[in-house]
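Engineer: I'm passing along data.txt; it holds compact mmCIF, N, CA and C atoms.
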```txt
# COMPACT_ATOMS: atom_id res chain seq x y z
N MET A 1 0.82 -1.20 0.00
CA MET A 1 0.00 0.00 0.00
C MET A 1 0.86 1.26 0.00
N GLU A 2 2.16 1.12 0.19
CA GLU A 2 3.02 2.28 0.19
C GLU A 2 3.03 2.97 -1.16
N GLU A 3 2.80 2.22 -2.23
CA GLU A 3 2.87 2.80 -3.55
C GLU A 3 1.59 3.53 -3.96
N PHE A 4 0.50 3.36 -3.23
CA PHE A 4 -0.74 4.03 -3.56
C PHE A 4 -0.63 5.51 -3.22
N VAL A 5 -1.30 6.36 -4.01
CA VAL A 5 -1.22 7.81 -3.88
C VAL A 5 -2.59 8.37 -3.51
N THR A 6 -2.62 9.29 -2.54
CA THR A 6 -3.88 9.92 -2.13
C THR A 6 -4.27 10.97 -3.16
N ILE A 7 -5.50 10.87 -3.69
CA ILE A 7 -5.97 11.85 -4.68
C ILE A 7 -7.17 12.64 -4.19
N ALA A 8 -7.80 12.21 -3.09
CA ALA A 8 -8.96 12.93 -2.54
C ALA A 8 -9.14 12.55 -1.08
N ILE A 9 -9.75 13.46 -0.32
CA ILE A 9 -10.03 13.21 1.09
C ILE A 9 -11.50 13.54 1.35
N PHE A 10 -12.17 12.64 2.05
CA PHE A 10 -13.58 12.79 2.37
C PHE A 10 -13.77 12.77 3.89
N THR A 11 -14.88 13.35 4.35
CA THR A 11 -15.16 13.38 5.78
C THR A 11 -15.99 12.17 6.21
N TYR A 12 -16.98 11.81 5.41
CA TYR A 12 -17.89 10.72 5.76
C TYR A 12 -18.03 9.74 4.60
N PRO A 13 -18.30 8.47 4.88
CA PRO A 13 -18.45 7.46 3.82
C PRO A 13 -19.57 7.78 2.82
N SER A 14 -20.59 8.46 3.25
CA SER A 14 -21.71 8.76 2.34
C SER A 14 -21.29 9.68 1.20
N GLU A 15 -20.19 10.39 1.35
CA GLU A 15 -19.74 11.34 0.32
C GLU A 15 -19.17 10.65 -0.92
N TYR A 16 -18.78 9.39 -0.79
CA TYR A 16 -18.14 8.73 -1.93
C TYR A 16 -18.81 7.42 -2.32
N ALA A 17 -20.03 7.19 -1.90
CA ALA A 17 -20.73 5.94 -2.21
C ALA A 17 -20.84 5.72 -3.72
N VAL A 18 -21.23 6.74 -4.46
CA VAL A 18 -21.38 6.61 -5.91
C VAL A 18 -20.01 6.51 -6.57
N LEU A 19 -19.05 7.25 -6.06
CA LEU A 19 -17.70 7.22 -6.61
C LEU A 19 -17.10 5.82 -6.52
N ARG A 20 -17.32 5.14 -5.40
CA ARG A 20 -16.79 3.79 -5.23
C ARG A 20 -17.29 2.87 -6.35
N LEU A 21 -18.57 2.95 -6.67
CA LEU A 21 -19.13 2.11 -7.73
C LEU A 21 -18.50 2.41 -9.08
N GLU A 22 -18.29 3.68 -9.36
CA GLU A 22 -17.69 4.06 -10.64
C GLU A 22 -16.24 3.57 -10.74
N LEU A 23 -15.50 3.69 -9.66
CA LEU A 23 -14.12 3.21 -9.66
C LEU A 23 -14.07 1.69 -9.87
N GLN A 24 -14.98 0.97 -9.24
CA GLN A 24 -15.04 -0.48 -9.40
C GLN A 24 -15.40 -0.85 -10.83
N GLN A 25 -16.34 -0.13 -11.44
CA GLN A 25 -16.74 -0.42 -12.81
C GLN A 25 -15.60 -0.19 -13.80
N GLN A 26 -14.74 0.78 -13.50
CA GLN A 26 -13.61 1.09 -14.38
C GLN A 26 -12.36 0.26 -14.06
N ASN A 27 -12.49 -0.68 -13.11
CA ASN A 27 -11.38 -1.56 -12.71
C ASN A 27 -10.14 -0.78 -12.24
N ILE A 28 -10.39 0.29 -11.50
CA ILE A 28 -9.31 1.08 -10.93
C ILE A 28 -8.93 0.48 -9.59
N ARG A 29 -7.64 0.35 -9.36
CA ARG A 29 -7.15 -0.18 -8.08
C ARG A 29 -7.13 0.96 -7.07
N PHE A 30 -7.94 0.83 -6.02
CA PHE A 30 -8.08 1.91 -5.04
C PHE A 30 -8.33 1.33 -3.66
N VAL A 31 -8.17 2.18 -2.65
CA VAL A 31 -8.51 1.83 -1.27
C VAL A 31 -8.91 3.13 -0.57
N PHE A 32 -9.87 3.01 0.35
CA PHE A 32 -10.25 4.15 1.18
C PHE A 32 -9.61 3.95 2.54
N GLN A 33 -8.56 4.70 2.82
CA GLN A 33 -7.83 4.59 4.07
C GLN A 33 -8.63 5.27 5.19
N ASN A 34 -8.68 4.68 6.36
CA ASN A 34 -9.40 5.15 7.55
C ASN A 34 -10.91 4.95 7.46
N GLU A 35 -11.38 4.25 6.46
CA GLU A 35 -12.81 4.08 6.23
C GLU A 35 -13.50 3.36 7.40
N THR A 36 -12.92 2.29 7.88
CA THR A 36 -13.55 1.50 8.93
C THR A 36 -13.61 2.25 10.25
N VAL A 37 -12.49 2.83 10.65
CA VAL A 37 -12.47 3.52 11.94
C VAL A 37 -13.39 4.74 11.94
N ILE A 38 -13.49 5.45 10.84
CA ILE A 38 -14.38 6.61 10.78
C ILE A 38 -15.83 6.17 10.66
N GLY A 39 -16.06 5.01 10.07
CA GLY A 39 -17.41 4.46 10.06
C GLY A 39 -17.91 4.15 11.46
N VAL A 40 -17.00 3.75 12.34
CA VAL A 40 -17.35 3.43 13.72
C VAL A 40 -17.35 4.69 14.59
N LEU A 41 -16.40 5.58 14.35
CA LEU A 41 -16.27 6.81 15.13
C LEU A 41 -16.31 8.03 14.20
N PRO A 42 -17.48 8.36 13.66
CA PRO A 42 -17.55 9.41 12.63
C PRO A 42 -17.11 10.79 13.09
N PHE A 43 -17.22 11.09 14.38
CA PHE A 43 -16.83 12.42 14.84
C PHE A 43 -15.32 12.57 14.98
N HIS A 44 -14.58 11.50 14.75
CA HIS A 44 -13.13 11.56 14.79
C HIS A 44 -12.52 11.75 13.39
N SER A 45 -13.35 11.98 12.41
CA SER A 45 -12.88 12.08 11.03
C SER A 45 -11.83 13.17 10.85
N ASN A 46 -12.09 14.36 11.35
CA ASN A 46 -11.12 15.45 11.19
C ASN A 46 -9.84 15.17 11.96
N ALA A 47 -9.95 14.58 13.12
CA ALA A 47 -8.75 14.27 13.92
C ALA A 47 -7.86 13.25 13.22
N LEU A 48 -8.46 12.34 12.46
CA LEU A 48 -7.71 11.30 11.76
C LEU A 48 -7.27 11.73 10.36
N GLY A 49 -7.68 12.91 9.96
CA GLY A 49 -7.31 13.39 8.62
C GLY A 49 -8.27 12.98 7.54
N GLY A 50 -9.46 12.52 7.91
CA GLY A 50 -10.47 12.14 6.93
C GLY A 50 -10.24 10.78 6.32
N ILE A 51 -11.10 10.45 5.39
CA ILE A 51 -11.01 9.19 4.66
C ILE A 51 -10.29 9.49 3.36
N ARG A 52 -9.16 8.86 3.16
CA ARG A 52 -8.31 9.15 2.00
C ARG A 52 -8.56 8.15 0.89
N LEU A 53 -8.86 8.67 -0.28
CA LEU A 53 -8.96 7.83 -1.47
C LEU A 53 -7.56 7.68 -2.02
N GLN A 54 -7.05 6.46 -1.98
CA GLN A 54 -5.72 6.19 -2.50
C GLN A 54 -5.84 5.29 -3.73
N VAL A 55 -5.09 5.65 -4.75
CA VAL A 55 -5.17 4.98 -6.05
C VAL A 55 -3.77 4.53 -6.46
N HIS A 56 -3.71 3.41 -7.15
CA HIS A 56 -2.43 2.92 -7.68
C HIS A 56 -1.91 3.95 -8.70
N PRO A 57 -0.60 4.20 -8.72
CA PRO A 57 -0.04 5.22 -9.62
C PRO A 57 -0.42 5.08 -11.09
N THR A 58 -0.58 3.86 -11.58
CA THR A 58 -0.94 3.70 -12.99
C THR A 58 -2.40 4.07 -13.27
N ASP A 59 -3.21 4.21 -12.24
CA ASP A 59 -4.63 4.54 -12.41
C ASP A 59 -4.99 5.98 -12.03
N ILE A 60 -3.97 6.79 -11.68
CA ILE A 60 -4.24 8.14 -11.19
C ILE A 60 -4.96 9.00 -12.22
N GLU A 61 -4.51 9.00 -13.45
CA GLU A 61 -5.14 9.85 -14.48
C GLU A 61 -6.61 9.50 -14.67
N GLN A 62 -6.90 8.24 -14.78
CA GLN A 62 -8.28 7.80 -14.99
C GLN A 62 -9.14 8.13 -13.77
N ALA A 63 -8.62 7.93 -12.57
CA ALA A 63 -9.37 8.23 -11.34
C ALA A 63 -9.61 9.73 -11.21
N ASN A 64 -8.61 10.56 -11.54
CA ASN A 64 -8.80 12.00 -11.49
C ASN A 64 -9.85 12.46 -12.50
N ALA A 65 -9.88 11.82 -13.66
CA ALA A 65 -10.89 12.16 -14.67
C ALA A 65 -12.29 11.85 -14.16
N ILE A 66 -12.44 10.74 -13.45
CA ILE A 66 -13.74 10.38 -12.88
C ILE A 66 -14.15 11.39 -11.81
N LEU A 67 -13.22 11.79 -10.95
CA LEU A 67 -13.51 12.80 -9.93
C LEU A 67 -13.93 14.12 -10.55
N GLU A 68 -13.19 14.56 -11.57
CA GLU A 68 -13.52 15.83 -12.24
C GLU A 68 -14.89 15.75 -12.91
N ASP A 69 -15.19 14.63 -13.53
CA ASP A 69 -16.48 14.46 -14.20
C ASP A 69 -17.62 14.56 -13.19
N PHE A 70 -17.47 13.91 -12.03
CA PHE A 70 -18.50 14.00 -11.00
C PHE A 70 -18.67 15.42 -10.50
N ASN A 71 -17.57 16.12 -10.28
CA ASN A 71 -17.65 17.49 -9.77
C ASN A 71 -18.23 18.45 -10.79
N ARG A 72 -18.04 18.18 -12.07
CA ARG A 72 -18.49 19.07 -13.12
C ARG A 72 -19.92 18.79 -13.57
N ASN A 73 -20.29 17.53 -13.73
CA ASN A 73 -21.55 17.19 -14.39
C ASN A 73 -22.59 16.50 -13.54
N ASN A 74 -22.33 16.29 -12.29
CA ASN A 74 -23.23 15.47 -11.50
C ASN A 74 -23.86 16.29 -10.36
N PRO A 75 -25.18 16.21 -10.20
CA PRO A 75 -25.80 16.92 -9.09
C PRO A 75 -25.43 16.31 -7.74
N LEU A 76 -24.89 15.08 -7.72
CA LEU A 76 -24.41 14.45 -6.49
C LEU A 76 -22.96 14.84 -6.30
N ARG A 77 -22.73 16.09 -6.00
CA ARG A 77 -21.39 16.65 -5.92
C ARG A 77 -20.54 15.96 -4.86
N ILE A 78 -19.32 15.57 -5.24
CA ILE A 78 -18.37 15.00 -4.31
C ILE A 78 -17.56 16.15 -3.75
N VAL A 79 -17.48 16.23 -2.44
CA VAL A 79 -16.85 17.38 -1.78
C VAL A 79 -15.36 17.17 -1.71
```
How does the structure come out when it is put into structure tokens?

Structural biologist:
Amino acid sequence: MEEFVTIAIFTYPSEYAVLRLELQQQNIRFVFQNETVIGVLPFHSNALGGIRLQVHPTDIEQANAILEDFNRNNPLRIV
């Protein structure tokens, strides 16, 4: 996991539910770091630095394109 790169940070799991499905459909290698602990202790999200979307370096461009597309064209805005 050392080689994975953080490309986005979220506060709560509900913010990236749709994004997770899109990443899976595009076969992008990713992991949401701190997801489990923040799911259990949601008010500790800021103290832990949020939930980090980490992507394999070879998938960064494609993952960033998906993030930009959601932010630009989708009413379900990812923060």

Engineer: Taking only N, CA and C atoms into account, produce a table as JSON lines in which each residue of region 25-57 of chain A with an atom at most 5 Å from an atom of region 1-14 of chain A appears once, together with its shortest atom pair and the distance in Å to one decimal, ordered by chain and rising number.

Structural biologist:
```
{"residue": "A:Gly50", "atom": "CA", "partner": "A:Phe10", "partner_atom": "C", "distance": 4.5}
{"residue": "A:Ile51", "atom": "N", "partner": "A:Phe10", "partner_atom": "C", "distance": 3.8}
{"residue": "A:Arg52", "atom": "CA", "partner": "A:Ile9", "partner_atom": "CA", "distance": 4.5}
{"residue": "A:Leu53", "atom": "N", "partner": "A:Ala8", "partner_atom": "C", "distance": 4.0}
{"residue": "A:Gln54", "atom": "CA", "partner": "A:Val5", "partner_atom": "C", "distance": 3.9}
{"residue": "A:Val55", "atom": "N", "partner": "A:Val5", "partner_atom": "C", "distance": 3.9}
{"residue": "A:His56", "atom": "CA", "partner": "A:Phe4", "partner_atom": "CA", "distance": 4.6}
```

Engineer: What is the CA of Pro57 (chain A)-atom N of Arg29 (chain A) distance in Å, reported with one decimal?

Structural biologist: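 A separation of 9.0 Å between them.
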
Engineer: Would you please give, as JSON, numbers by chain, all residues of chain A that DSSP assigns to alpha helix (DSSP H) based on the backbone?

Structural biologist: {"A": [17, 18, 19, 20, 21, 22, 23, 24, 25, 35, 36, 37, 38, 39, 40, 45, 46, 47, 48, 60, 61, 62, 63, 64, 65, 66, 67, 68, 69, 70, 71, 72, 73]}

Engineer: Enumerate as a ChimeraX atom specification all residues of chain A assigned to strand (DSSP E or B) by DSSP on the backbone, naming them with the chain letters and numbers the document uses.

Structural biologist: /A:5-10,30-33,51-55

Engineer: With distances taken over only C-alpha atoms, which residue among A:Gly49, A:Arg72, A:Phe43, A:Ala63 lies nearest Leu19 (chain A)?

Structural biologist: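 Using only C-alpha atoms, the shortest distance to Leu19 (chain A) belongs to A:Ala63.
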
Engineer: Could you jot down the CA of Glu22 (chain A) to atom C of Glu35 (chain A) separation for me, Å, one decimal place?

Structural biologist: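 Spanning CA of Glu22 (chain A) to atom C of Glu35 (chain A) is a straight-line distance of 18.5 Å.
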
Engineer: Quick one: distance from CA of Phe32 (chain A) to CA of Asn73 (chain A) in Å, one decimal?

Structural biologist: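 Distance reported for this atom pair: 23.2 Å.
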
Engineer: For each of A:Ile60, A:Pro42, A:Glu15, A:Ala47, take the minimum atom-to-atom distance to Phe30 (chain A), counting only C-alpha atoms, then give the residue where this is smallest.

Structural biologist: A:Ile60

Engineer: Would you be able to write out as an NGL selection string which residues have an atom within 9 Å of (-14.8, 7.0, -16.3) in the file's coordinates, counting only C-alpha atoms?

Structural biologist: :A and (22-23 or 25-26 or 62-63 or 65-67 or 69)
